[in-house]
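Undergrad: Below is input08.csv; it holds CSV, C-alpha atoms.
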```
chain,number,residue,atom,x,y,z
P,237,MET,CA,-34.0,35.1,-31.3
P,238,PRO,CA,-33.5,31.6,-33.0
P,239,LYS,CA,-35.7,28.8,-31.8
P,240,ILE,CA,-34.2,25.6,-30.4
P,241,SER,CA,-36.1,22.4,-31.0
P,242,ALA,CA,-36.8,19.9,-28.4
P,243,PHE,CA,-34.3,17.5,-30.2
P,244,GLY,CA,-31.6,20.2,-29.9
P,245,VAL,CA,-32.2,20.6,-26.2
P,246,VAL,CA,-32.0,16.9,-25.6
P,247,LEU,CA,-28.8,16.7,-27.7
P,248,VAL,CA,-27.1,19.5,-25.8
P,249,ALA,CA,-28.1,18.0,-22.5
P,250,THR,CA,-26.8,14.6,-23.5
P,251,THR,CA,-23.5,16.0,-24.7
P,252,LEU,CA,-23.0,17.9,-21.4
P,253,CYS,CA,-23.8,14.8,-19.5
P,254,LEU,CA,-21.2,12.7,-21.5
P,255,VAL,CA,-18.6,15.4,-21.0
P,256,SER,CA,-19.3,15.5,-17.3
P,257,THR,CA,-19.1,11.7,-17.0
P,258,ASN,CA,-15.8,11.5,-18.9
P,259,ALA,CA,-14.2,14.3,-16.9
P,260,GLY,CA,-15.3,12.5,-13.7
P,261,ALA,CA,-13.9,9.2,-14.9
P,262,GLN,CA,-10.6,10.7,-15.8
P,263,GLY,CA,-10.4,12.6,-12.5
P,264,ALA,CA,-11.2,9.7,-10.2
P,265,GLN,CA,-8.2,8.9,-8.1
P,266,THR,CA,-7.9,5.7,-6.0
P,267,ALA,CA,-5.3,3.9,-4.1
P,268,GLU,CA,-5.5,1.1,-6.6
P,269,GLY,CA,-4.9,3.5,-9.4
P,270,ALA,CA,-1.9,5.0,-7.7
P,271,GLN,CA,-0.5,1.4,-7.2
P,272,THR,CA,-1.0,0.7,-10.9
P,273,PHE,CA,0.7,3.9,-11.9
P,274,LEU,CA,3.8,3.1,-9.7
P,275,ALA,CA,3.9,-0.4,-11.1
P,276,THR,CA,4.0,1.1,-14.6
P,277,MET,CA,6.9,3.3,-13.6
P,278,ALA,CA,8.7,0.2,-12.4
P,279,LYS,CA,8.2,-1.6,-15.7
P,280,ARG,CA,9.6,1.5,-17.4
P,281,GLY,CA,12.8,1.0,-15.4
P,282,PHE,CA,12.5,3.9,-13.0
P,283,ALA,CA,12.3,1.9,-9.7
P,284,ARG,CA,15.1,0.9,-7.3
P,285,ALA,CA,15.2,-1.0,-4.1
P,286,THR,CA,17.5,-0.7,-1.1
P,287,PHE,CA,17.4,-2.7,2.1
P,288,LEU,CA,19.2,-1.4,5.2
P,289,ASP,CA,20.5,-3.8,7.9
P,290,THR,CA,20.5,-3.0,11.6
P,291,LEU,CA,23.7,-1.0,11.2
P,292,GLY,CA,22.2,1.1,8.4
P,293,ARG,CA,24.3,-0.5,5.7
P,294,PRO,CA,22.5,-0.6,2.3
P,295,ASN,CA,22.2,-3.9,0.4
P,296,TYR,CA,25.1,-5.3,2.4
P,297,VAL,CA,26.2,-8.8,1.7
P,298,ALA,CA,28.9,-11.4,2.6
P,299,GLY,CA,30.9,-13.2,0.0
P,300,THR,CA,34.2,-14.8,-0.8
P,301,HIS,CA,37.4,-13.4,-2.4
P,302,THR,CA,39.4,-16.1,-4.2
P,303,VAL,CA,43.0,-15.6,-5.5
P,304,GLU,CA,44.7,-18.1,-7.8
P,305,ILE,CA,48.3,-17.6,-8.8
P,306,SER,CA,50.0,-19.8,-11.4
P,307,ARG,CA,53.7,-19.7,-12.2
P,308,ILE,CA,54.6,-21.2,-15.5
P,309,LYS,CA,58.2,-22.3,-16.2
P,310,LEU,CA,59.1,-25.9,-17.0
P,311,SER,CA,56.1,-26.9,-14.9
P,312,ILE,CA,53.0,-25.2,-13.4
P,313,LYS,CA,52.9,-24.2,-9.8
P,314,GLU,CA,49.6,-23.0,-8.4
P,315,GLU,CA,48.7,-21.2,-5.3
P,316,LYS,CA,45.1,-20.6,-4.1
P,317,SER,CA,43.6,-18.7,-1.2
P,318,THR,CA,40.0,-17.8,-0.2
P,319,ASN,CA,38.9,-15.1,2.2
P,320,ALA,CA,35.6,-13.8,3.5
P,321,VAL,CA,34.6,-10.4,2.3
P,322,GLU,CA,31.6,-8.0,2.7
P,323,LYS,CA,30.4,-5.1,0.7
P,324,SER,CA,27.3,-3.1,-0.5
P,325,LEU,CA,26.0,-4.2,-3.8
P,326,GLY,CA,24.4,-0.8,-4.6
P,327,GLU,CA,20.8,-0.2,-5.5
P,328,PHE,CA,18.8,-3.1,-7.0
P,329,ALA,CA,16.8,-2.5,-10.2
P,330,LEU,CA,13.1,-3.3,-10.0
P,331,THR,CA,10.7,-4.2,-12.8
P,332,ASP,CA,7.8,-5.9,-10.9
P,333,LEU,CA,5.6,-4.1,-8.4
P,334,ALA,CA,2.1,-5.2,-7.3
P,335,TYR,CA,-0.2,-4.6,-4.4
P,336,GLY,CA,-1.1,-7.1,-1.8
P,337,ASP,CA,0.0,-8.2,1.6
P,338,ALA,CA,2.1,-11.2,2.7
P,339,GLN,CA,-1.0,-13.4,3.0
P,340,GLY,CA,-1.8,-12.8,-0.7
P,341,THR,CA,-4.8,-10.5,0.1
P,342,ALA,CA,-5.3,-7.7,-2.4
P,343,ASP,CA,-4.5,-4.8,-0.1
P,344,ALA,CA,-4.2,-1.4,-1.9
P,345,CYS,CA,-2.2,0.0,1.0
P,346,THR,CA,0.6,-2.5,0.6
P,347,THR,CA,3.1,-2.7,-2.3
P,348,ARG,CA,4.7,-6.0,-3.0
P,349,ILE,CA,8.3,-5.9,-4.3
P,350,ASP,CA,9.2,-8.8,-6.5
P,351,GLY,CA,11.7,-9.4,-9.4
P,352,ILE,CA,14.8,-7.9,-7.8
P,353,GLN,CA,17.6,-8.2,-10.4
P,354,MET,CA,21.0,-9.5,-9.3
P,355,PRO,CA,23.5,-6.8,-10.0
P,356,ALA,CA,26.7,-7.4,-12.0
P,357,SER,CA,28.6,-6.5,-8.8
P,358,ALA,CA,27.4,-9.8,-7.3
P,359,TYR,CA,30.2,-11.6,-9.2
P,360,GLU,CA,33.4,-9.9,-10.4
P,361,HIS,CA,36.5,-11.3,-11.9
P,362,SER,CA,39.9,-10.0,-12.9
P,363,SER,CA,42.9,-11.6,-14.6
P,364,THR,CA,46.4,-10.3,-15.0
P,365,SER,CA,49.8,-11.7,-16.0
P,366,TRP,CA,53.4,-10.6,-16.0
P,367,GLU,CA,56.9,-11.9,-16.4
P,368,GLU,CA,59.3,-12.5,-13.6
P,369,PRO,CA,63.0,-13.1,-14.1
P,370,GLY,CA,64.2,-16.7,-13.4
P,371,PHE,CA,67.2,-18.9,-13.8
P,372,MET,CA,68.0,-19.2,-17.5
P,373,VAL,CA,64.4,-18.4,-18.5
P,374,SER,CA,61.7,-16.0,-17.2
P,375,VAL,CA,58.7,-17.2,-15.3
P,376,THR,CA,55.2,-16.3,-16.5
P,377,VAL,CA,52.9,-15.4,-13.6
P,378,MET,CA,49.1,-15.5,-14.0
P,379,LYS,CA,46.8,-14.1,-11.3
P,380,ASN,CA,43.1,-14.7,-11.3
P,381,GLU,CA,40.8,-13.0,-8.7
P,382,SER,CA,37.1,-13.4,-8.1
P,383,TRP,CA,34.6,-11.8,-5.8
P,384,ASN,CA,31.5,-13.9,-5.4
P,385,TYR,CA,28.5,-12.6,-3.5
P,386,THR,CA,25.8,-14.7,-5.4
P,387,GLU,CA,25.1,-16.9,-2.3
P,388,GLY,CA,24.7,-13.9,0.0
P,389,PHE,CA,22.4,-12.2,-2.6
P,390,ARG,CA,19.7,-14.9,-2.0
P,391,LYS,CA,18.6,-13.1,1.2
P,392,PHE,CA,17.3,-10.3,-1.0
P,393,ALA,CA,15.0,-12.6,-3.1
P,394,GLY,CA,11.9,-11.4,-1.2
P,395,PRO,CA,9.1,-10.7,-1.5
P,396,HIS,CA,9.4,-7.4,0.4
P,397,PHE,CA,6.6,-5.0,1.2
P,398,ILE,CA,5.9,-1.3,1.5
P,399,ASP,CA,3.2,-0.6,4.0
P,400,TRP,CA,1.8,2.8,3.1
P,401,ARG,CA,0.2,3.2,6.5
P,402,GLN,CA,3.7,3.6,7.9
P,403,ALA,CA,5.5,5.0,4.9
P,404,GLN,CA,7.6,8.2,4.7
P,405,VAL,CA,7.8,9.9,1.3
P,406,VAL,CA,10.9,12.0,0.7
P,407,ARG,CA,12.0,13.9,-2.4
P,408,SER,CA,15.6,14.7,-3.0
P,409,ASN,CA,16.8,18.4,-3.0
P,410,ASP,CA,17.4,18.3,-6.7
P,411,GLY,CA,13.8,16.9,-7.2
P,412,GLY,CA,14.9,14.0,-9.4
P,413,ARG,CA,14.5,11.2,-6.8
P,414,ILE,CA,11.6,10.0,-4.7
P,415,ASP,CA,12.2,7.7,-1.8
P,416,VAL,CA,9.6,5.7,0.1
P,417,ARG,CA,10.9,4.4,3.4
P,418,VAL,CA,9.2,1.9,5.8
P,419,LYS,CA,10.2,-0.6,8.5
P,420,GLY,CA,11.0,-3.9,6.9
P,421,GLN,CA,10.5,-7.5,8.0
P,422,ALA,CA,13.7,-9.3,6.8
P,423,PHE,CA,15.6,-6.0,7.0
P,424,ALA,CA,15.5,-3.0,9.4
P,425,THR,CA,14.4,-0.6,6.6
P,426,ASN,CA,13.0,-1.1,3.1
P,427,ILE,CA,13.4,1.8,0.6
P,428,LEU,CA,11.5,2.0,-2.7
P,429,SER,CA,13.0,4.7,-4.9
P,430,PHE,CA,12.0,6.2,-8.2
P,431,VAL,CA,14.4,8.0,-10.5
P,432,PRO,CA,12.5,8.9,-13.7
P,433,GLY,CA,15.0,11.4,-15.1
P,434,ASP,CA,12.1,13.8,-16.0
P,435,PRO,CA,10.9,16.6,-13.6
P,436,GLU,CA,7.2,16.3,-14.7
P,437,LEU,CA,7.2,12.6,-14.3
P,438,ALA,CA,8.9,12.9,-10.9
P,439,ASP,CA,6.0,15.3,-9.9
P,440,ARG,CA,3.5,12.7,-10.8
P,441,ILE,CA,5.3,9.9,-9.0
P,442,GLU,CA,5.6,12.0,-5.8
P,443,TYR,CA,1.9,12.9,-6.0
P,444,ALA,CA,0.9,9.2,-6.4
P,445,ALA,CA,3.2,8.2,-3.5
P,446,LYS,CA,1.8,10.9,-1.2
P,447,PHE,CA,-1.7,10.1,-2.3
P,448,LEU,CA,-1.2,6.5,-1.2
P,449,ARG,CA,0.3,7.7,2.0
P,450,MET,CA,-2.7,9.9,2.8
P,451,SER,CA,-5.3,7.4,1.5
P,452,CYS,CA,-3.9,4.7,3.8
P,453,ASP,CA,-3.3,6.9,6.8
P,454,GLU,CA,-5.5,5.3,9.5
P,455,ALA,CA,-5.9,8.7,11.3
P,456,ALA,CA,-7.2,10.4,8.1
P,457,ALA,CA,-10.8,9.6,9.1
P,458,THR,CA,-10.5,12.0,12.0
P,459,GLY,CA,-10.1,14.9,9.6
P,460,PHE,CA,-6.6,15.7,10.8
```
Written as structure tokens, that's how I'd like the structure from this file.

TA:
Amino acid sequence: MPKISAFGVVLVATTLCLVSTNAGAQGAQTAEGAQTFLATMAKRGFARATFLDTLGRPNYVAGTHTVEISRIKLSIKEEKSTNAVEKSLGEFALTDLAYGDAQGTADACTTRIDGIQMPASAYEHSSTSWEEPGFMVSVTVMKNESWNYTEGFRKFAGPHFIDWRQAQVVRSNDGGRIDVRVKGQAFATNILSFVPGDPELADRIEYAAKFLRMSCDEAAATGF
């Protein structure tokens, strides 16, 4: 049987200790770590935000619809009308997530939603023209329409918060989407969604979200 020197024993013990330490460091999971992971997913473009009003309408906003009609013959005759309109702007893309409460305290059980990007649907414009028959010469008609919701969009500026103590984590039937729903402050419900487009990454996002939910559950200390 080969002899092992004292130096060899120390080297083996030290190596095992380092392996054990590294494994422990990699396996450590905290609420702060889960928050950082979800923030990274947002920076990669996977996060969305939806805010429901008291009627359950998603990202619903008021705006104006303006119609301008010009008839060009020997002179220009213009008509203009403006009406109030409402619609849903669709999901908002997110790039900035952090953790902390409304008072600025670093609370690992609260996600702060900032950096909501105004969607292209907040302002839309269309222009058409056609010819109408007239006396001696035809009349060119030009119609310009615009739908402007930029003023109404201001109410979504935030910040908004996800309190993981109250959060519900739901994954879609196809597995590609994870929704986190909580009661809002400015809105009836805040929904933070992740759509990574990759099943394995969706698994990791769901795990991080449920880990936060369990870590922040005030009843978890009871063991149930």

Undergrad: For Val375 of chain P, which residue among P:Ile312, P:Phe282, P:Thr425, P:Gln271 is the nearest when counting all atoms listed in the file?

TA: P:Ile312

Undergrad: Using all atoms listed in the file, pick whichever of P:Ala438, P:Ile308, P:Met378, P:Ala403 has the shortest atom-to-atom distance to Gly420 of chain P.

TA: P:Ala403

Undergrad: Set the distance at 10 Å and use all atoms listed in the file: which residues neighbour Thr364 of chain P once local chain neighbours fewer than 6 positions away are removed? I'd like the list as a list in words.

TA: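 Here the answer would be Ile305, Val377, Met378, Lys379, Asn380 and Glu381 of chain P.
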
Undergrad: Just C-alpha atoms for this one: save the residues we selected as a compact mmCIF listing (two decimals), in the frame of the given file.

TA:
```txt
# COMPACT_ATOMS: atom_id res chain seq x y z
CA ILE P 305 48.30 -17.60 -8.80
CA VAL P 377 52.90 -15.40 -13.60
CA MET P 378 49.10 -15.50 -14.00
CA LYS P 379 46.80 -14.10 -11.30
CA ASN P 380 43.10 -14.70 -11.30
CA GLU P 381 40.80 -13.00 -8.70
```

Undergrad: Up to 6 Å from (18.3, -2.3, 1.1) in the file's coordinates: name the residues, counting all atoms listed in the file, as a VMD selection string.

TA: chain P and resid 286 to 288 294 to 295 426

Undergrad: Residues within 10 Å of Ile352 of chain P, please, as a list in words. Count only C-alpha atoms; anything in the same chain fewer than 6 positions from it doesn't count.

TA: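 Counting only C-alpha atoms, the residues come to Arg284, Ala285, Phe328, Ala329, Leu330, Thr331, Asp332, Leu333, Phe392, Ala393, Gly394, Pro395 and His396 of chain P.
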
Undergrad: May I have the residues within 8 Å of Asn319 of chain P as a ChimeraX atom specification, using only C-alpha atoms and disregarding those fewer than 4 positions away in the same chain?

TA: /P:300-302

Undergrad: In terms of the shortest atom-to-atom distance over all atoms listed in the file, which of P:Leu428, P:Ala283, P:Ala270, P:Ala278 is closest to Arg440 of chain P?

TA: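 Distance minimum relative to Arg440 of chain P lands on P:Ala270.
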
Undergrad: For atom CA of Met354 of chain P and atom CA of Ser317 of chain P, quote the distance in Å rounded to one decimal.

TA: 25.7 Å

Undergrad: I'd like the contact shell of Leu325 of chain P - 8 Å cut-off, only C-alpha atoms, skipping same-chain residues fewer than 6 positions apart - returned as number ranges by chain.

TA: P: 294-297, 355, 357-358
